[in-house]
Amino acid sequence: MSTANQEKLVSLFKSARVVPVLTIHRIEDAVPLARALVSGGVRMLEVTLRTPVAAEAAKAIIANVPDAVVGIGTILNPDDLACAEQLGAQFGISPGATPELLKAAAASHLPFAPGIATASDLMQALAHGFDVVKFFPAEQAGGIKALRALAGPFPQVQFCPTGGIGETNAPLWLAEPNVLAVGGSWLCQTADVRSGNWAGITAMCERSVKSAKAA
Ligand code: 3PG
């Protein structure tokens with residue numbers, strides 16, 4: 001990835017600190033959900049390509065919520081990456097990586113964080129020029145202890161851990177020197193989205209942003 005893309009990603013993660021992972025099932029939820037998150041101070045949004053309406057949802061948010069910084073998550077292959085570029089996403093994230101995806105992402109203008117869970121994954125990512133990565137699934141793959149162990153051989157790498165992170169443990173992860181931001185679904189829980197509890201989502205974001213700042 002180009003240095004400019006890498007710098008853009010670092011700056012997005014640093015100013016966000018918490019990144020909600022959005023799995024949108026109903027297109028009508030997209031814009032109110034994004035507005036609720038932005039109202040709570042959470043602007044960097046990862047819209048995952050996990051549902052039939054995901055691309056349409058990202059498009060609606062980009063068109064209607066100008067304060068949101070919309071990225072695409074669950075990018076599994078070069079086609080998904082092309083979809084993210086076409087939508088006008090500002091960044092891309094994947095849960096893991098393949099050589100094909102890393103190659104396509106390295107040639108793309110899109111700031112991109114590949115997913116890694118092991119030292120070997122990380123070496124593949126570095127070989128393609130990526131030193132800002134998603135650590136996934138963060139808690140399940142060894143938690144903060146694993147992240148600290150990776151910092152030994154890979155001091156230049158910065159992380160966005162995701163997976164098993166919530167309101168309580170987010171500040172612990174954010175206190176790690178090699179953690180730029182944390183991601184997770186806790187900021188927009190399924191039950192709240194289903195019931196249209198936008199005020200509840202905004203309140204959760206406000207609390208999480210406050211504790212992220214204190215971390
Ligand atoms: C992801 O896609 O990054 C994870 O599924 C989010 O994990 P969480 O639901 O444990 O936050």
# chains A, B, ... in the order shown; residues from 1 in each chain; ligands from 1

call {"tool": "closest_atom_pairs", "arguments": {"of": "chain A", "to": "ligand 1", "cutoff": "9 Å", "atoms": "only C-alpha atoms and all ligand atoms", "output": "CSV"}}
result
residue,atom,partner,partner_atom_place_in_ligand_line,distance
A:Pro20,CA,ligand 1,11 (O),8.0
A:Val21,CA,ligand 1,6 (C),6.0
A:Leu22,CA,ligand 1,2 (O),8.2
A:Thr23,CA,ligand 1,2 (O),8.5
A:Glu46,CA,ligand 1,3 (O),8.9
A:Thr48,CA,ligand 1,2 (O),7.3
A:Gly73,CA,ligand 1,2 (O),7.4
A:Thr74,CA,ligand 1,2 (O),6.7
A:Ile93,CA,ligand 1,3 (O),8.7
A:Ser94,CA,ligand 1,3 (O),8.2
A:Pro95,CA,ligand 1,3 (O),6.5
A:Lys134,CA,ligand 1,3 (O),8.4
A:Phe135,CA,ligand 1,3 (O),9.0
A:Phe136,CA,ligand 1,3 (O),6.7
A:Pro137,CA,ligand 1,4 (C),7.0
A:Ala138,CA,ligand 1,10 (O),8.5
A:Glu139,CA,ligand 1,10 (O),8.3
A:Pro161,CA,ligand 1,3 (O),8.3
A:Thr162,CA,ligand 1,3 (O),5.0
A:Gly163,CA,ligand 1,7 (O),3.5
A:Gly164,CA,ligand 1,10 (O),3.7
A:Ile165,CA,ligand 1,11 (O),5.4
A:Gly166,CA,ligand 1,11 (O),6.8
A:Gly183,CA,ligand 1,3 (O),6.4
A:Gly184,CA,ligand 1,11 (O),3.3
A:Ser185,CA,ligand 1,11 (O),3.9
A:Trp186,CA,ligand 1,11 (O),5.7
A:Leu187,CA,ligand 1,11 (O),8.4
A:Gln189,CA,ligand 1,9 (O),8.8

call {"tool": "residues_around", "arguments": {"residues": "Thr51 of chain A", "least_positions_apart": "6", "cutoff": "10 Å", "atoms": "only C-alpha atoms", "output": "ChimeraX atom specification"}}
result
/A:23-26,57

call {"tool": "write_last_selection", "arguments": {"atoms": "C-alpha atoms", "output": "PDB file, in the first residue's frame"}}
result
ATOM      1  CA  THR A  23     -24.177  -5.506   9.754  1.00  0.00           C
ATOM      2  CA  ILE A  24     -27.252  -3.935   8.214  1.00  0.00           C
ATOM      3  CA  HIS A  25     -30.163  -6.243   7.444  1.00  0.00           C
ATOM      4  CA  ARG A  26     -32.859  -3.695   6.502  1.00  0.00           C
ATOM      5  CA  ALA A  57     -26.839   0.625   2.752  1.00  0.00           C
TER       6      ALA A  57
END

call {"tool": "select_by_dssp", "arguments": {"residues": "segment 66-212 of chain A", "states": "strand (DSSP E)", "output": "NGL selection string"}}
result
:A and (69-73 or 91-93 or 112-113 or 115-116 or 132-135 or 158-161 or 182-184)

call {"tool": "select_by_dssp", "arguments": {"residues": "segment 26-200 of chain A", "states": "alpha helix (DSSP H)", "output": "MDAnalysis selection string"}}
result
chainID A and resid 27:39 54:64 78:87 99:106 119:127 143:151 170:174 190:195 198:200

call {"tool": "closest_residue", "arguments": {"among": "A:Ile62, A:Thr168, A:Met44, A:Gly88", "to": "Ala16 of chain A", "atoms": "only C-alpha atoms"}}
result
A:Met44

call {"tool": "closest_residue", "arguments": {"among": "A:Ile75, A:Ala215, A:Ile201, A:Val157", "to": "Ala175 of chain A", "atoms": "only C-alpha atoms"}}
result
A:Ala215

call {"tool": "atom_distance", "arguments": {"atom1": "atom CA of Pro52 of chain A", "atom2": "atom CA of Ile27 of chain A"}}
result
9.4 Å
